[in-house]
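Peer 1: Dropping a structure here in structure tokens format, bear with me for questions.
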Amino acid sequence: MHSLLDSPVQYRLILGDETVELNTLINTPLKLIHTKQIQCIHCKRSIKKTYNQGYCYPCFISLAECDMCIVKPHLCHYAAGTCRNATWGDEFCNQHHIVYLANSSHLKVGITRHSQIPTRWIDQGANQALPIFKSRSRHIAGLIEIAISQHISDKTHWQKMLKSDAETIDLIAYREQLVTLCQQELCHINETHGNDAFELLSNDTIVEIRYPIEQYPTKIKALDFDKSPEITGTLLGIKGQYLLLDSGVLNIRKYTGYEIELS
């Protein structure tokens, strides 16, 4: 599901060669059918189940992009010289990354490649976001994230995020507070990786994000194509990578590689 920052966010669902403008379908009854066909998003072979949101098992256990350091960037294999694919690491890890604060269900810290802003924030369902550091690499961004996560969360509470808009908070004030709290760790990163390891983005402003939602669900029921290949319901809104239906919520990203028919 592709997104474009607007007010509200514009969503497009990619189904094979077809692109569906989802915002126009708000308040429309939908039927989504899983045809039981699944394809690995890397090698394209037919499979019975996916791993890590779209991969077959051989790709999952062999590709650099499926390594544990993707969710634990402070343990980056590229930085350690043990990456399974150095070319992939050059493109995705040895690039400028942004450490940011986001407000989705609560205040959290995260990192993303500079090119993934604001997509990463939208995918997490953030109502507010603020870049706070720009780092030389994914590994360094991960070290900064670990330091900050000692004081605030680095996880999104997806159920709470889908129940309502997050209450507005002063991200700039939190940025100043966290920089002070993490001064010792930040100095250590500079000493270890050089003065050009990262820079503080003291002039960046808060990005406000509004989603196309007519009504939030009062109860979160996760819909699952593996349990029910046919899902129906009226589309009440879209947030993050979730369709909010009157019958439940559907995590579109979870089913990457699935062949889906929409009517």
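Naming scheme: A, B, ... for chains in displayed order of the structure tokens; residues 1 onward per chain; ligands 1 onward as shown.
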Please tabulate, as JSON lines, the residues of segment 163-263 of chain A that come within 8 Å of segment 99-110 of chain A, each with its closest pair of atoms and the distance in Å to one decimal, counting only C-alpha atoms and ordering rows by chain, then residue number upward.
Peer 2:
{"residue": "A:Asp165", "atom": "CA", "partner": "A:Ser104", "partner_atom": "CA", "distance": 7.5}
{"residue": "A:Ala166", "atom": "CA", "partner": "A:Ser105", "partner_atom": "CA", "distance": 5.4}
{"residue": "A:Thr168", "atom": "CA", "partner": "A:Asn103", "partner_atom": "CA", "distance": 7.8}
{"residue": "A:Ile169", "atom": "CA", "partner": "A:Asn103", "partner_atom": "CA", "distance": 7.7}
{"residue": "A:Leu171", "atom": "CA", "partner": "A:Leu101", "partner_atom": "CA", "distance": 6.9}
{"residue": "A:Arg175", "atom": "CA", "partner": "A:Leu101", "partner_atom": "CA", "distance": 7.7}
Peer 1: Show me, as number ranges by chain, the residues that have an atom within 12 Å of Leu25 of chain A when counting only C-alpha atoms, minus same-chain residues fewer than 3 positions from it.
Peer 2: A: 10-13, 20-22, 28-31, 212-214, 233-238, 243-245, 262-263
Peer 1: Determine which residues of segment 99-181 of chain A DSSP labels as strand (DSSP E or B) from the backbone of this structure, then write them out as a list of chain:residue names.
Peer 2: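 Those residues are A:Val99, A:Tyr100, A:Leu101, A:Ala102, A:Asn103, A:Leu107, A:Lys108, A:Val109, A:Gly110, A:Ile111, A:Thr112, A:Arg113, A:Gln128, A:Ala129, A:Leu130, A:Pro131, A:Ile132, A:Phe133, A:Lys134, A:Ser135, A:Ser153.
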Peer 1: Those residues you just picked out, can you put them in a file as an mmCIF file, in the first residue's frame with N, CA, C and O atoms?
Peer 2:
data_model
loop_
_atom_site.group_PDB
_atom_site.id
_atom_site.type_symbol
_atom_site.label_atom_id
_atom_site.label_comp_id
_atom_site.auth_asym_id
_atom_site.auth_seq_id
_atom_site.Cartn_x
_atom_site.Cartn_y
_atom_site.Cartn_z
ATOM 1 N N VAL A 99 17.314 9.860 12.799
ATOM 2 C CA VAL A 99 16.722 9.455 14.078
ATOM 3 C C VAL A 99 15.600 10.441 14.361
ATOM 4 O O VAL A 99 15.795 11.655 14.261
ATOM 5 N N TYR A 100 14.420 9.936 14.670
ATOM 6 C CA TYR A 100 13.259 10.811 14.800
ATOM 7 C C TYR A 100 12.429 10.484 16.036
ATOM 8 O O TYR A 100 12.530 9.381 16.603
ATOM 9 N N LEU A 101 11.620 11.442 16.433
ATOM 10 C CA LEU A 101 10.578 11.217 17.429
ATOM 11 C C LEU A 101 9.247 11.171 16.695
ATOM 12 O O LEU A 101 9.019 11.931 15.749
ATOM 13 N N ALA A 102 8.380 10.270 17.110
ATOM 14 C CA ALA A 102 7.055 10.162 16.500
ATOM 15 C C ALA A 102 6.014 10.001 17.593
ATOM 16 O O ALA A 102 6.292 9.488 18.682
ATOM 17 N N ASN A 103 4.820 10.438 17.278
ATOM 18 C CA ASN A 103 3.692 10.340 18.201
ATOM 19 C C ASN A 103 2.553 9.635 17.474
ATOM 20 O O ASN A 103 1.862 10.233 16.661
ATOM 21 N N LEU A 107 4.696 8.673 22.631
ATOM 22 C CA LEU A 107 5.993 9.148 22.160
ATOM 23 C C LEU A 107 6.931 7.968 21.951
ATOM 24 O O LEU A 107 7.058 7.095 22.810
ATOM 25 N N LYS A 108 7.586 7.932 20.779
ATOM 26 C CA LYS A 108 8.555 6.872 20.513
ATOM 27 C C LYS A 108 9.719 7.436 19.715
ATOM 28 O O LYS A 108 9.614 8.496 19.099
ATOM 29 N N VAL A 109 10.824 6.692 19.709
ATOM 30 C CA VAL A 109 11.974 7.022 18.895
ATOM 31 C C VAL A 109 12.109 5.975 17.808
ATOM 32 O O VAL A 109 11.772 4.804 17.995
ATOM 33 N N GLY A 110 12.597 6.384 16.642
ATOM 34 C CA GLY A 110 12.817 5.448 15.556
ATOM 35 C C GLY A 110 13.898 5.959 14.630
ATOM 36 O O GLY A 110 14.396 7.077 14.770
ATOM 37 N N ILE A 111 14.288 5.115 13.666
ATOM 38 C CA ILE A 111 15.255 5.528 12.646
ATOM 39 C C ILE A 111 14.743 5.116 11.274
ATOM 40 O O ILE A 111 13.962 4.170 11.144
ATOM 41 N N THR A 112 15.181 5.809 10.245
ATOM 42 C CA THR A 112 14.860 5.455 8.873
ATOM 43 C C THR A 112 15.851 6.120 7.936
ATOM 44 O O THR A 112 16.502 7.104 8.306
ATOM 45 N N ARG A 113 15.987 5.570 6.740
ATOM 46 C CA ARG A 113 16.800 6.236 5.733
ATOM 47 C C ARG A 113 16.185 7.584 5.392
ATOM 48 O O ARG A 113 14.957 7.740 5.403
ATOM 49 N N GLN A 128 2.227 12.942 14.550
ATOM 50 C CA GLN A 128 3.284 13.953 14.587
ATOM 51 C C GLN A 128 4.635 13.257 14.442
ATOM 52 O O GLN A 128 4.799 12.114 14.891
ATOM 53 N N ALA A 129 5.586 13.952 13.827
ATOM 54 C CA ALA A 129 6.939 13.415 13.738
ATOM 55 C C ALA A 129 7.942 14.558 13.675
ATOM 56 O O ALA A 129 7.630 15.645 13.180
ATOM 57 N N LEU A 130 9.146 14.287 14.186
ATOM 58 C CA LEU A 130 10.190 15.311 14.222
ATOM 59 C C LEU A 130 11.557 14.663 14.047
ATOM 60 O O LEU A 130 11.973 13.864 14.889
ATOM 61 N N PRO A 131 12.282 14.975 12.970
ATOM 62 C CA PRO A 131 13.673 14.504 12.858
ATOM 63 C C PRO A 131 14.528 15.177 13.928
ATOM 64 O O PRO A 131 14.406 16.380 14.150
ATOM 65 N N ILE A 132 15.397 14.404 14.587
ATOM 66 C CA ILE A 132 16.235 15.009 15.628
ATOM 67 C C ILE A 132 17.735 14.844 15.374
ATOM 68 O O ILE A 132 18.525 15.675 15.809
ATOM 69 N N PHE A 133 18.140 13.773 14.683
ATOM 70 C CA PHE A 133 19.548 13.595 14.330
ATOM 71 C C PHE A 133 19.642 13.070 12.897
ATOM 72 O O PHE A 133 18.784 12.321 12.440
ATOM 73 N N LYS A 134 20.706 13.453 12.214
ATOM 74 C CA LYS A 134 21.070 12.870 10.930
ATOM 75 C C LYS A 134 22.405 12.170 11.119
ATOM 76 O O LYS A 134 23.383 12.798 11.537
ATOM 77 N N SER A 135 22.457 10.868 10.828
ATOM 78 C CA SER A 135 23.676 10.095 11.065
ATOM 79 C C SER A 135 24.335 9.691 9.754
ATOM 80 O O SER A 135 23.703 9.680 8.695
ATOM 81 N N SER A 153 9.994 4.908 24.654
ATOM 82 C CA SER A 153 9.781 3.653 23.930
ATOM 83 C C SER A 153 10.339 3.726 22.511
ATOM 84 O O SER A 153 10.449 4.797 21.908
#
Peer 1: Would you return as a ChimeraX atom specification the members of segment 121-235 of chain A that DSSP assigns to alpha helix (DSSP H) on this structure's backbone?
Peer 2: /A:121-123,138-148,158-161,171-181,183-193
Peer 1: Could you jot down the atom CA of Ser202 of chain A to atom CA of Ser7 of chain A separation for me, Å, one decimal place?
Peer 2: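 Atom CA of Ser202 of chain A sits 25.6 Å away from atom CA of Ser7 of chain A.
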Peer 1: Quick one: everything within 12 Å of segment 219-224 of chain A, counting only C-alpha atoms, minus sequence neighbours fewer than 6 positions away in the same chain. Send it as a ChimeraX atom specification.
Peer 2: /A:32-34,158-164,230-233,242-255,258
Peer 1: Can you write out the residues you just picked, keeping N, CA and C atoms, as a compact mmCIF listing (two decimals), in the first residue's frame?
Peer 2:
# COMPACT_ATOMS: atom_id res chain seq x y z
N LEU A 32 -12.62 -8.38 -0.18
CA LEU A 32 -11.25 -8.74 -0.53
C LEU A 32 -11.12 -10.25 -0.43
N ILE A 33 -10.66 -10.88 -1.51
CA ILE A 33 -10.56 -12.34 -1.56
C ILE A 33 -9.12 -12.74 -1.81
N HIS A 34 -8.59 -13.59 -0.94
CA HIS A 34 -7.27 -14.18 -1.14
C HIS A 34 -7.44 -15.43 -2.01
N TRP A 158 0.21 -0.76 18.31
CA TRP A 158 -0.65 -0.64 17.14
C TRP A 158 -2.13 -0.65 17.47
N GLN A 159 -2.54 -1.41 18.51
CA GLN A 159 -3.96 -1.42 18.86
C GLN A 159 -4.43 -0.04 19.33
N LYS A 160 -3.62 0.60 20.17
CA LYS A 160 -3.97 1.94 20.66
C LYS A 160 -3.94 2.95 19.52
N MET A 161 -2.96 2.81 18.61
CA MET A 161 -2.84 3.72 17.47
C MET A 161 -4.08 3.69 16.59
N LEU A 162 -4.73 2.52 16.50
CA LEU A 162 -5.89 2.36 15.63
C LEU A 162 -7.21 2.77 16.29
N LYS A 163 -7.18 3.11 17.56
CA LYS A 163 -8.42 3.47 18.27
C LYS A 163 -8.73 4.96 18.24
N SER A 164 -7.70 5.80 18.02
CA SER A 164 -7.94 7.24 18.05
C SER A 164 -6.69 7.98 17.56
N GLU A 230 -11.86 -14.76 2.55
CA GLU A 230 -12.75 -13.70 2.08
C GLU A 230 -13.06 -12.74 3.22
N ILE A 231 -12.73 -11.48 3.04
CA ILE A 231 -12.96 -10.45 4.05
C ILE A 231 -13.88 -9.38 3.46
N THR A 232 -14.94 -9.07 4.18
CA THR A 232 -15.87 -8.06 3.72
C THR A 232 -16.10 -7.03 4.81
N GLY A 233 -16.52 -5.84 4.42
CA GLY A 233 -16.82 -4.79 5.37
C GLY A 233 -16.79 -3.44 4.71
N TYR A 242 -2.96 -0.07 7.75
CA TYR A 242 -4.20 -0.76 8.12
C TYR A 242 -5.41 -0.20 7.39
N LEU A 243 -6.26 -1.10 6.90
CA LEU A 243 -7.60 -0.74 6.48
C LEU A 243 -8.52 -0.89 7.68
N LEU A 244 -9.28 0.16 8.01
CA LEU A 244 -10.22 0.11 9.12
C LEU A 244 -11.60 -0.18 8.55
N LEU A 245 -12.07 -1.41 8.72
CA LEU A 245 -13.38 -1.83 8.23
C LEU A 245 -14.33 -1.93 9.40
N ASP A 246 -15.63 -1.88 9.12
CA ASP A 246 -16.60 -2.04 10.23
C ASP A 246 -16.62 -3.47 10.76
N SER A 247 -15.92 -4.38 10.07
CA SER A 247 -15.83 -5.78 10.51
C SER A 247 -14.51 -6.08 11.22
N GLY A 248 -13.57 -5.13 11.21
CA GLY A 248 -12.27 -5.34 11.84
C GLY A 248 -11.19 -4.55 11.12
N VAL A 249 -9.93 -4.79 11.50
CA VAL A 249 -8.81 -4.06 10.89
C VAL A 249 -7.92 -5.05 10.14
N LEU A 250 -7.41 -4.61 8.98
CA LEU A 250 -6.62 -5.49 8.13
C LEU A 250 -5.26 -4.86 7.89
N ASN A 251 -4.20 -5.56 8.32
CA ASN A 251 -2.82 -5.11 8.11
C ASN A 251 -2.39 -5.51 6.70
N ILE A 252 -2.42 -4.57 5.77
CA ILE A 252 -2.11 -4.87 4.39
C ILE A 252 -0.67 -5.35 4.22
N ARG A 253 0.28 -4.72 4.91
CA ARG A 253 1.70 -5.09 4.75
C ARG A 253 1.95 -6.53 5.13
N LYS A 254 1.22 -7.05 6.09
CA LYS A 254 1.40 -8.45 6.54
C LYS A 254 1.21 -9.42 5.39
N TYR A 255 0.41 -9.04 4.40
CA TYR A 255 0.07 -9.96 3.31
C TYR A 255 0.76 -9.60 2.00
N TYR A 258 0.79 -11.91 -1.31
CA TYR A 258 -0.48 -12.59 -1.49
C TYR A 258 -1.20 -12.04 -2.72
Peer 1: Expressed in Å to a single decimal, how great is the separation between atom CA of Gly125 of chain A and atom CA of Arg210 of chain A?
Peer 2: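 Distance between the two atoms: 9.2 Å.
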Peer 1: Which residue is closest to Val71 of chain A? Choose from A:Lys227, A:Lys44, A:His193, A:Lys155 and count only C-alpha atoms.
Peer 2: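 Of A:Lys227, A:Lys44, A:His193, A:Lys155, the one nearest Val71 of chain A, counting only C-alpha atoms, is A:Lys155.
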Peer 1: Looking at only C-alpha atoms, which of A:His74, A:Ile146, A:Arg84, A:Ile189 is the one that sits closest to Ile61 of chain A?
Peer 2: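 Ranking A:His74, A:Ile146, A:Arg84, A:Ile189 by distance to Ile61 of chain A, first place goes to A:Arg84.
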Peer 1: Tell me, in Å to one decimal, how far atom CA of Ala79 of chain A is from atom CA of Asp204 of chain A.
Peer 2: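 Separation between atom CA of Ala79 of chain A and atom CA of Asp204 of chain A: 27.9 Å.
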Peer 1: Using only C-alpha atoms, which residue out of A:Gln241, A:Gln124, A:Thr256, A:Gln184 lies closest to Phe225 of chain A?
Peer 2: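 Closest to Phe225 of chain A of all the choices is A:Thr256.
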Peer 1: Which residues come within 12 Å of Glu91 of chain A, counting only C-alpha atoms, excluding same-chain residues fewer than 6 positions away, as a list in words?
Peer 2: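 Final neighbour list, sorted by chain and number: Ala64, Glu65, Tyr78, Asn85, His97, Arg113, Ser115, Ser137 and Arg138 of chain A.
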Peer 1: Please list as a ChimeraX atom specification every residue within 6 Å of segment 45-59 of chain A, counting only C-alpha atoms and excluding residues in the same chain fewer than 3 positions away.
Peer 2: /A:38-41,62-63,254,256-257
Peer 1: How would the residues just chosen look if you wrote them out with all heavy atoms as a PDB file, in the first residue's frame?
Peer 2:
ATOM      1  N   ILE A  38       0.364 -17.328  -3.389  1.00  0.00           N
ATOM      2  CA  ILE A  38       1.349 -16.498  -2.692  1.00  0.00           C
ATOM      3  C   ILE A  38       2.668 -16.617  -3.441  1.00  0.00           C
ATOM      4  O   ILE A  38       3.062 -17.705  -3.870  1.00  0.00           O
ATOM      5  CB  ILE A  38       1.551 -16.939  -1.230  1.00  0.00           C
ATOM      6  CG1 ILE A  38       0.218 -17.048  -0.493  1.00  0.00           C
ATOM      7  CG2 ILE A  38       2.484 -15.979  -0.502  1.00  0.00           C
ATOM      8  CD1 ILE A  38       0.343 -17.605   0.909  1.00  0.00           C
ATOM      9  N   GLN A  39       3.348 -15.491  -3.592  1.00  0.00           N
ATOM     10  CA  GLN A  39       4.611 -15.451  -4.330  1.00  0.00           C
ATOM     11  C   GLN A  39       5.661 -14.727  -3.502  1.00  0.00           C
ATOM     12  O   GLN A  39       5.396 -13.668  -2.948  1.00  0.00           O
ATOM     13  CB  GLN A  39       4.391 -14.743  -5.661  1.00  0.00           C
ATOM     14  CG  GLN A  39       5.565 -14.787  -6.615  1.00  0.00           C
ATOM     15  CD  GLN A  39       5.260 -14.068  -7.919  1.00  0.00           C
ATOM     16  OE1 GLN A  39       5.287 -12.836  -7.967  1.00  0.00           O
ATOM     17  NE2 GLN A  39       4.962 -14.819  -8.959  1.00  0.00           N
ATOM     18  N   CYS A  40       6.860 -15.287  -3.397  1.00  0.00           N
ATOM     19  CA  CYS A  40       7.964 -14.638  -2.703  1.00  0.00           C
ATOM     20  C   CYS A  40       8.288 -13.320  -3.386  1.00  0.00           C
ATOM     21  O   CYS A  40       8.421 -13.267  -4.619  1.00  0.00           O
ATOM     22  CB  CYS A  40       9.193 -15.541  -2.701  1.00  0.00           C
ATOM     23  SG  CYS A  40      10.688 -14.761  -2.014  1.00  0.00           S
ATOM     24  N   ILE A  41       8.423 -12.258  -2.624  1.00  0.00           N
ATOM     25  CA  ILE A  41       8.651 -10.940  -3.222  1.00  0.00           C
ATOM     26  C   ILE A  41      10.079 -10.787  -3.750  1.00  0.00           C
ATOM     27  O   ILE A  41      10.370  -9.833  -4.465  1.00  0.00           O
ATOM     28  CB  ILE A  41       8.355  -9.809  -2.212  1.00  0.00           C
ATOM     29  CG1 ILE A  41       9.261  -9.901  -0.981  1.00  0.00           C
ATOM     30  CG2 ILE A  41       6.888  -9.828  -1.822  1.00  0.00           C
ATOM     31  CD1 ILE A  41       9.110  -8.735  -0.022  1.00  0.00           C
ATOM     32  N   SER A  62      18.630 -16.358   3.993  1.00  0.00           N
ATOM     33  CA  SER A  62      19.863 -16.100   3.254  1.00  0.00           C
ATOM     34  C   SER A  62      20.097 -14.638   2.890  1.00  0.00           C
ATOM     35  O   SER A  62      21.247 -14.232   2.666  1.00  0.00           O
ATOM     36  CB  SER A  62      19.884 -16.927   1.963  1.00  0.00           C
ATOM     37  OG  SER A  62      18.838 -16.544   1.094  1.00  0.00           O
ATOM     38  N   LEU A  63      19.045 -13.820   2.850  1.00  0.00           N
ATOM     39  CA  LEU A  63      19.190 -12.445   2.374  1.00  0.00           C
ATOM     40  C   LEU A  63      19.621 -11.495   3.484  1.00  0.00           C
ATOM     41  O   LEU A  63      19.171 -11.601   4.628  1.00  0.00           O
ATOM     42  CB  LEU A  63      17.875 -11.953   1.772  1.00  0.00           C
ATOM     43  CG  LEU A  63      17.397 -12.652   0.499  1.00  0.00           C
ATOM     44  CD1 LEU A  63      16.022 -12.121   0.103  1.00  0.00           C
ATOM     45  CD2 LEU A  63      18.397 -12.464  -0.639  1.00  0.00           C
ATOM     46  N   LYS A 254       1.218  -7.055   6.094  1.00  0.00           N
ATOM     47  CA  LYS A 254       1.398  -8.445   6.538  1.00  0.00           C
ATOM     48  C   LYS A 254       1.209  -9.420   5.390  1.00  0.00           C
ATOM     49  O   LYS A 254       1.793 -10.511   5.394  1.00  0.00           O
ATOM     50  CB  LYS A 254       0.414  -8.746   7.675  1.00  0.00           C
ATOM     51  CG  LYS A 254       0.503 -10.158   8.218  1.00  0.00           C
ATOM     52  CD  LYS A 254      -0.509 -10.370   9.336  1.00  0.00           C
ATOM     53  CE  LYS A 254      -0.472 -11.800   9.849  1.00  0.00           C
ATOM     54  NZ  LYS A 254      -1.476 -12.034  10.923  1.00  0.00           N
ATOM     55  N   THR A 256       1.918  -8.975   2.093  1.00  0.00           N
ATOM     56  CA  THR A 256       2.741  -8.724   0.911  1.00  0.00           C
ATOM     57  C   THR A 256       3.086 -10.057   0.253  1.00  0.00           C
ATOM     58  O   THR A 256       3.529 -10.989   0.921  1.00  0.00           O
ATOM     59  CB  THR A 256       4.030  -7.982   1.303  1.00  0.00           C
ATOM     60  OG1 THR A 256       3.700  -6.768   1.972  1.00  0.00           O
ATOM     61  CG2 THR A 256       4.866  -7.670   0.074  1.00  0.00           C
ATOM     62  N   GLY A 257       2.884 -10.153  -1.041  1.00  0.00           N
ATOM     63  CA  GLY A 257       3.136 -11.395  -1.771  1.00  0.00           C
ATOM     64  C   GLY A 257       1.886 -12.216  -2.006  1.00  0.00           C
ATOM     65  O   GLY A 257       1.883 -13.125  -2.837  1.00  0.00           O
TER      66      GLY A 257
END
